[in-house]
file target_38.txt (compact mmCIF, N, CA and C atoms)
# COMPACT_ATOMS: atom_id res chain seq x y z
N MET Y 1 19.33 -4.10 -9.68
CA MET Y 1 18.87 -5.41 -10.14
C MET Y 1 17.67 -5.22 -11.05
N SER Y 2 17.73 -5.80 -12.23
CA SER Y 2 16.64 -5.66 -13.19
C SER Y 2 15.62 -6.79 -13.06
N THR Y 3 16.00 -7.87 -12.40
CA THR Y 3 15.09 -8.99 -12.21
C THR Y 3 14.06 -8.64 -11.15
N PRO Y 4 12.77 -8.77 -11.47
CA PRO Y 4 11.76 -8.47 -10.46
C PRO Y 4 11.81 -9.48 -9.31
N VAL Y 5 11.55 -8.97 -8.11
CA VAL Y 5 11.49 -9.81 -6.92
C VAL Y 5 10.05 -9.74 -6.41
N ILE Y 6 9.46 -10.91 -6.20
CA ILE Y 6 8.08 -10.99 -5.74
C ILE Y 6 8.04 -11.79 -4.45
N VAL Y 7 7.34 -11.25 -3.45
CA VAL Y 7 7.16 -11.95 -2.18
C VAL Y 7 5.67 -12.25 -2.02
N TYR Y 8 5.34 -13.54 -2.01
CA TYR Y 8 3.97 -13.96 -1.70
C TYR Y 8 3.86 -14.04 -0.19
N SER Y 9 2.87 -13.35 0.38
CA SER Y 9 2.75 -13.26 1.82
C SER Y 9 1.30 -13.42 2.25
N ASN Y 10 1.11 -13.34 3.58
CA ASN Y 10 -0.23 -13.39 4.16
C ASN Y 10 -0.23 -12.51 5.40
N VAL Y 11 -1.40 -12.13 5.86
CA VAL Y 11 -1.49 -11.31 7.06
C VAL Y 11 -1.05 -12.12 8.28
N ASN Y 12 -0.52 -11.44 9.29
CA ASN Y 12 -0.08 -12.07 10.54
C ASN Y 12 0.91 -13.21 10.32
N CYS Y 13 1.83 -13.02 9.38
CA CYS Y 13 2.83 -14.04 9.06
C CYS Y 13 4.20 -13.50 9.46
N PRO Y 14 4.75 -13.98 10.59
CA PRO Y 14 6.05 -13.45 11.04
C PRO Y 14 7.19 -13.73 10.07
N PHE Y 15 7.16 -14.88 9.41
CA PHE Y 15 8.23 -15.18 8.46
C PHE Y 15 8.16 -14.29 7.23
N CYS Y 16 6.94 -13.92 6.84
CA CYS Y 16 6.77 -12.97 5.72
C CYS Y 16 7.41 -11.64 6.09
N GLU Y 17 7.18 -11.19 7.32
CA GLU Y 17 7.76 -9.93 7.78
C GLU Y 17 9.28 -10.01 7.80
N GLN Y 18 9.82 -11.17 8.18
CA GLN Y 18 11.28 -11.35 8.19
C GLN Y 18 11.86 -11.26 6.79
N VAL Y 19 11.21 -11.90 5.83
CA VAL Y 19 11.70 -11.86 4.44
C VAL Y 19 11.66 -10.43 3.92
N LYS Y 20 10.54 -9.74 4.13
CA LYS Y 20 10.42 -8.36 3.63
C LYS Y 20 11.46 -7.46 4.31
N GLY Y 21 11.67 -7.65 5.61
CA GLY Y 21 12.68 -6.87 6.32
C GLY Y 21 14.07 -7.13 5.80
N PHE Y 22 14.38 -8.39 5.52
CA PHE Y 22 15.69 -8.74 4.97
C PHE Y 22 15.91 -8.07 3.62
N LEU Y 23 14.92 -8.16 2.75
CA LEU Y 23 15.05 -7.55 1.42
C LEU Y 23 15.24 -6.04 1.53
N LYS Y 24 14.50 -5.41 2.42
CA LYS Y 24 14.65 -3.96 2.63
C LYS Y 24 16.06 -3.62 3.11
N GLU Y 25 16.58 -4.43 4.05
CA GLU Y 25 17.94 -4.23 4.55
C GLU Y 25 18.97 -4.34 3.43
N GLN Y 26 18.70 -5.21 2.48
CA GLN Y 26 19.62 -5.42 1.35
C GLN Y 26 19.43 -4.37 0.26
N GLY Y 27 18.44 -3.51 0.43
CA GLY Y 27 18.18 -2.48 -0.58
C GLY Y 27 17.51 -3.02 -1.83
N VAL Y 28 16.79 -4.14 -1.67
CA VAL Y 28 16.14 -4.80 -2.81
C VAL Y 28 14.68 -4.36 -2.88
N GLU Y 29 14.28 -3.83 -4.03
CA GLU Y 29 12.87 -3.51 -4.23
C GLU Y 29 12.13 -4.79 -4.58
N PHE Y 30 10.91 -4.90 -4.08
CA PHE Y 30 10.13 -6.11 -4.34
C PHE Y 30 8.65 -5.76 -4.41
N GLU Y 31 7.93 -6.66 -5.05
CA GLU Y 31 6.47 -6.55 -5.10
C GLU Y 31 5.91 -7.56 -4.11
N GLU Y 32 5.03 -7.09 -3.24
CA GLU Y 32 4.38 -8.00 -2.30
C GLU Y 32 3.04 -8.42 -2.87
N ARG Y 33 2.79 -9.72 -2.84
CA ARG Y 33 1.51 -10.26 -3.29
C ARG Y 33 0.88 -11.00 -2.11
N ASN Y 34 -0.02 -10.32 -1.42
CA ASN Y 34 -0.65 -10.87 -0.23
C ASN Y 34 -1.84 -11.73 -0.64
N ILE Y 35 -1.74 -13.02 -0.33
CA ILE Y 35 -2.78 -13.97 -0.78
C ILE Y 35 -4.11 -13.75 -0.09
N ALA Y 36 -4.12 -13.04 1.04
CA ALA Y 36 -5.38 -12.76 1.73
C ALA Y 36 -6.17 -11.66 1.03
N HIS Y 37 -5.47 -10.84 0.25
CA HIS Y 37 -6.11 -9.70 -0.39
C HIS Y 37 -6.49 -9.95 -1.85
N ASN Y 38 -5.96 -11.04 -2.44
CA ASN Y 38 -6.21 -11.28 -3.86
C ASN Y 38 -6.16 -12.78 -4.13
N ASP Y 39 -7.30 -13.36 -4.51
CA ASP Y 39 -7.36 -14.80 -4.79
C ASP Y 39 -6.45 -15.21 -5.92
N GLN Y 40 -6.21 -14.31 -6.87
CA GLN Y 40 -5.33 -14.64 -7.99
C GLN Y 40 -3.91 -14.95 -7.49
N TYR Y 41 -3.46 -14.24 -6.47
CA TYR Y 41 -2.12 -14.48 -5.93
C TYR Y 41 -2.04 -15.88 -5.31
N PHE Y 42 -3.12 -16.31 -4.64
CA PHE Y 42 -3.13 -17.66 -4.09
C PHE Y 42 -3.09 -18.69 -5.22
N ASP Y 43 -3.82 -18.43 -6.30
CA ASP Y 43 -3.81 -19.33 -7.46
C ASP Y 43 -2.40 -19.40 -8.06
N GLU Y 44 -1.72 -18.26 -8.15
CA GLU Y 44 -0.34 -18.25 -8.67
C GLU Y 44 0.56 -19.09 -7.77
N LEU Y 45 0.40 -18.93 -6.47
CA LEU Y 45 1.22 -19.65 -5.50
C LEU Y 45 1.03 -21.16 -5.63
N THR Y 46 -0.23 -21.60 -5.66
CA THR Y 46 -0.50 -23.03 -5.77
C THR Y 46 -0.09 -23.56 -7.15
N GLY Y 47 -0.16 -22.70 -8.17
CA GLY Y 47 0.29 -23.09 -9.51
C GLY Y 47 1.77 -23.40 -9.57
N MET Y 48 2.53 -22.79 -8.64
CA MET Y 48 3.97 -23.05 -8.55
C MET Y 48 4.27 -24.25 -7.66
N GLY Y 49 3.20 -24.84 -7.07
CA GLY Y 49 3.38 -26.01 -6.24
C GLY Y 49 3.53 -25.72 -4.76
N PHE Y 50 3.21 -24.51 -4.33
CA PHE Y 50 3.33 -24.14 -2.92
C PHE Y 50 1.96 -24.01 -2.28
N GLN Y 51 1.90 -24.32 -0.98
CA GLN Y 51 0.66 -24.18 -0.22
C GLN Y 51 0.81 -23.21 0.94
N SER Y 52 2.05 -22.76 1.20
CA SER Y 52 2.28 -21.88 2.34
C SER Y 52 3.17 -20.71 1.92
N VAL Y 53 3.22 -19.71 2.78
CA VAL Y 53 4.01 -18.51 2.54
C VAL Y 53 4.98 -18.32 3.71
N PRO Y 54 6.02 -17.53 3.54
CA PRO Y 54 6.32 -16.73 2.35
C PRO Y 54 7.01 -17.54 1.27
N VAL Y 55 6.76 -17.14 0.04
CA VAL Y 55 7.52 -17.64 -1.11
C VAL Y 55 8.09 -16.42 -1.81
N THR Y 56 9.39 -16.41 -1.99
CA THR Y 56 10.06 -15.31 -2.67
C THR Y 56 10.50 -15.80 -4.04
N VAL Y 57 10.11 -15.06 -5.07
CA VAL Y 57 10.47 -15.41 -6.44
C VAL Y 57 11.49 -14.39 -6.93
N ILE Y 58 12.68 -14.88 -7.28
CA ILE Y 58 13.75 -14.05 -7.82
C ILE Y 58 14.21 -14.72 -9.10
N GLY Y 59 13.77 -14.20 -10.24
CA GLY Y 59 14.09 -14.85 -11.51
C GLY Y 59 13.53 -16.26 -11.52
N GLU Y 60 14.42 -17.23 -11.75
CA GLU Y 60 14.00 -18.64 -11.78
C GLU Y 60 13.97 -19.26 -10.39
N HIS Y 61 14.45 -18.55 -9.39
CA HIS Y 61 14.53 -19.07 -8.02
C HIS Y 61 13.20 -18.86 -7.29
N LYS Y 62 12.74 -19.92 -6.64
CA LYS Y 62 11.53 -19.86 -5.82
C LYS Y 62 11.90 -20.38 -4.44
N ILE Y 63 11.86 -19.49 -3.45
CA ILE Y 63 12.38 -19.82 -2.13
C ILE Y 63 11.24 -19.80 -1.12
N LEU Y 64 11.03 -20.93 -0.46
CA LEU Y 64 9.99 -21.06 0.56
C LEU Y 64 10.58 -20.70 1.91
N GLY Y 65 9.87 -19.86 2.66
CA GLY Y 65 10.28 -19.51 4.01
C GLY Y 65 11.35 -18.45 4.06
N MET Y 66 11.86 -18.23 5.27
CA MET Y 66 12.92 -17.26 5.50
C MET Y 66 14.24 -18.01 5.50
N ASN Y 67 14.89 -18.05 4.34
CA ASN Y 67 16.14 -18.77 4.17
C ASN Y 67 17.18 -17.77 3.67
N THR Y 68 17.90 -17.16 4.60
CA THR Y 68 18.85 -16.10 4.26
C THR Y 68 19.88 -16.56 3.25
N THR Y 69 20.39 -17.77 3.43
CA THR Y 69 21.42 -18.28 2.53
C THR Y 69 20.91 -18.38 1.10
N ARG Y 70 19.74 -18.97 0.92
CA ARG Y 70 19.18 -19.11 -0.43
C ARG Y 70 18.79 -17.75 -1.02
N LEU Y 71 18.27 -16.85 -0.18
CA LEU Y 71 17.91 -15.51 -0.68
C LEU Y 71 19.15 -14.78 -1.19
N LYS Y 72 20.22 -14.80 -0.40
CA LYS Y 72 21.47 -14.13 -0.81
C LYS Y 72 22.02 -14.73 -2.09
N LYS Y 73 22.00 -16.05 -2.18
CA LYS Y 73 22.51 -16.74 -3.36
C LYS Y 73 21.70 -16.37 -4.60
N ALA Y 74 20.37 -16.35 -4.47
CA ALA Y 74 19.50 -16.00 -5.59
C ALA Y 74 19.69 -14.55 -6.00
N LEU Y 75 19.83 -13.66 -5.03
CA LEU Y 75 20.01 -12.24 -5.34
C LEU Y 75 21.34 -12.01 -6.05
N SER Y 76 22.38 -12.73 -5.65
CA SER Y 76 23.69 -12.53 -6.29
C SER Y 76 23.75 -13.15 -7.68
N ALA Y 77 22.87 -14.13 -7.94
CA ALA Y 77 22.86 -14.81 -9.25
C ALA Y 77 22.18 -13.97 -10.32
N GLU Y 78 21.32 -13.04 -9.91
CA GLU Y 78 20.55 -12.25 -10.87
C GLU Y 78 21.24 -10.94 -11.20

call {"tool": "encode", "arguments": {"input": "target_38.txt", "output": "structure tokens"}}
result
Amino acid sequence: MSTPVIVYSNVNCPFCEQVKGFLKEQGVEFEERNIAHNDQYFDELTGMGFQSVPVTVIGEHKILGMNTTRLKKALSAE
């Protein structure tokens, strides 16, 4: 897959861990942007209209939470 995958996460976030685990199981490389470690990542997140994590960005798809169906659909579309 040539489309970059970005996961916005936070520390002690079980749903973030689930999303990252799912992507790893699927063999998908991704960039993790932890909002606790970088204020710019939080600004990017709120700029997209989100206030909570995880948010997974796959191309034009922005998926809030651990939604296997939407993640699979977005991954197959790219």

call {"tool": "atom_distance", "arguments": {"input": "target_38.txt", "atom1": "atom C of Glu60 in chain Y", "atom2": "atom N of Ser2 in chain Y"}}
result
14.1 Å

call {"tool": "residues_near_point", "arguments": {"input": "target_38.txt", "point": "(1.5, -13.0, 2.5)", "cutoff": "6.5 Å", "atoms": "all atoms listed in the file", "output": "list in words"}}
result
Val7, Tyr8, Ser9, Asn10, Val11, Cys16, Arg33, Asn34, Ile35, Ala36, Val53 and Pro54 of chain Y

call {"tool": "closest_residue", "arguments": {"input": "target_38.txt", "among": "Y:Val55, Y:Glu44, Y:His37, Y:Lys72", "to": "Phe15 in chain Y", "atoms": "all atoms listed in the file"}}
result
Y:Val55

call {"tool": "closest_residue", "arguments": {"input": "target_38.txt", "among": "Y:Phe50, Y:Phe22, Y:Phe30, Y:Tyr41", "to": "Val5 in chain Y", "atoms": "only C-alpha atoms"}}
result
Y:Phe30

call {"tool": "select_by_dssp", "arguments": {"input": "target_38.txt", "residues": "range 1-71 of chain Y", "states": "alpha helix (DSSP H)", "output": "number ranges by chain"}}
result
Y: 14-25, 39-47, 68-71

call {"tool": "atom_distance", "arguments": {"input": "target_38.txt", "atom1": "atom C of Lys24 in chain Y", "atom2": "CA of Leu75 in chain Y"}}
result
12.7 Å

call {"tool": "closest_residue", "arguments": {"input": "target_38.txt", "among": "Y:Arg70, Y:Asn38, Y:Glu31, Y:Ser76", "to": "Ile6 in chain Y", "atoms": "only C-alpha atoms"}}
result
Y:Glu31

call {"tool": "atom_distance", "arguments": {"input": "target_38.txt", "atom1": "CA of Met48 in chain Y", "atom2": "CA of Lys73 in chain Y"}}
result
20.3 Å

call {"tool": "decode", "arguments": {"input": "target_38.txt", "residues": "chain Y", "atoms": "C-alpha atoms", "output": "compact mmCIF listing (two decimals), in the first residue's frame"}}
result
# COMPACT_ATOMS: atom_id res chain seq x y z
CA MET Y 1 0.00 0.00 0.00
CA SER Y 2 1.43 3.34 -1.04
CA THR Y 3 -1.10 5.42 0.90
CA PRO Y 4 0.32 6.45 4.27
CA VAL Y 5 -1.61 5.29 7.33
CA ILE Y 6 -1.52 7.50 10.41
CA VAL Y 7 -2.84 6.58 13.85
CA TYR Y 8 -3.41 9.43 16.31
CA SER Y 9 -3.14 7.94 19.79
CA ASN Y 10 -2.59 8.72 23.46
CA VAL Y 11 -0.94 6.97 26.38
CA ASN Y 12 -3.03 4.42 28.33
CA CYS Y 13 -5.60 4.20 25.53
CA PRO Y 14 -6.89 0.62 25.10
CA PHE Y 15 -8.69 1.40 21.85
CA CYS Y 16 -5.48 2.89 20.43
CA GLU Y 17 -3.71 -0.37 21.25
CA GLN Y 18 -6.51 -2.32 19.53
CA VAL Y 19 -6.23 -0.26 16.34
CA LYS Y 20 -2.43 -0.59 16.24
CA GLY Y 21 -2.70 -4.34 16.90
CA PHE Y 22 -5.26 -4.75 14.13
CA LEU Y 23 -3.10 -2.88 11.62
CA LYS Y 24 -0.06 -4.98 12.58
CA GLU Y 25 -2.11 -8.18 12.12
CA GLN Y 26 -3.08 -6.96 8.65
CA GLY Y 27 0.56 -6.28 7.80
CA VAL Y 28 -0.10 -2.55 7.42
CA GLU Y 29 2.72 -0.14 8.20
CA PHE Y 30 1.59 3.02 9.95
CA GLU Y 31 2.89 6.14 11.60
CA GLU Y 32 1.80 6.66 15.18
CA ARG Y 33 1.23 10.24 16.29
CA ASN Y 34 0.85 10.28 20.07
CA ILE Y 35 -0.86 13.50 21.13
CA ALA Y 36 0.66 13.29 24.62
CA HIS Y 37 4.17 13.54 23.18
CA ASN Y 38 3.66 16.29 20.60
CA ASP Y 39 1.26 19.26 20.80
CA GLN Y 40 1.33 19.60 17.02
CA TYR Y 41 -0.35 16.19 16.70
CA PHE Y 42 -3.17 17.34 18.98
CA ASP Y 43 -3.54 20.48 16.83
CA GLU Y 44 -3.72 18.30 13.69
CA LEU Y 45 -6.37 16.11 15.36
CA THR Y 46 -8.56 19.04 16.41
CA GLY Y 47 -8.04 20.62 12.98
CA MET Y 48 -9.76 17.56 11.50
CA GLY Y 49 -12.67 18.07 13.89
CA PHE Y 50 -11.81 15.35 16.42
CA GLN Y 51 -11.39 15.67 20.18
CA SER Y 52 -10.65 12.05 21.07
CA VAL Y 53 -8.45 9.16 19.95
CA PRO Y 54 -7.78 6.86 18.28
CA VAL Y 55 -8.25 8.42 14.87
CA THR Y 56 -6.87 6.47 11.93
CA VAL Y 57 -6.22 8.36 8.71
CA ILE Y 58 -6.04 6.25 5.53
CA GLY Y 59 -6.00 8.48 2.46
CA GLU Y 60 -9.23 10.48 2.56
CA HIS Y 61 -10.73 8.21 5.24
CA LYS Y 62 -10.72 9.39 8.86
CA ILE Y 63 -11.92 6.71 11.26
CA LEU Y 64 -12.67 7.42 14.92
CA GLY Y 65 -12.26 4.56 17.37
CA MET Y 66 -11.73 0.86 16.80
CA ASN Y 67 -14.06 0.13 13.89
CA THR Y 68 -12.85 -3.02 12.14
CA THR Y 69 -15.42 -2.77 9.36
CA ARG Y 70 -14.51 0.81 8.43
CA LEU Y 71 -10.76 0.11 8.76
CA LYS Y 72 -10.98 -2.89 6.40
CA LYS Y 73 -13.09 -0.93 3.93
CA ALA Y 74 -10.66 2.02 3.94
CA LEU Y 75 -7.63 -0.25 3.58
CA SER Y 76 -9.17 -2.08 0.60
CA ALA Y 77 -10.12 1.22 -1.08
CA GLU Y 78 -6.53 2.50 -1.14
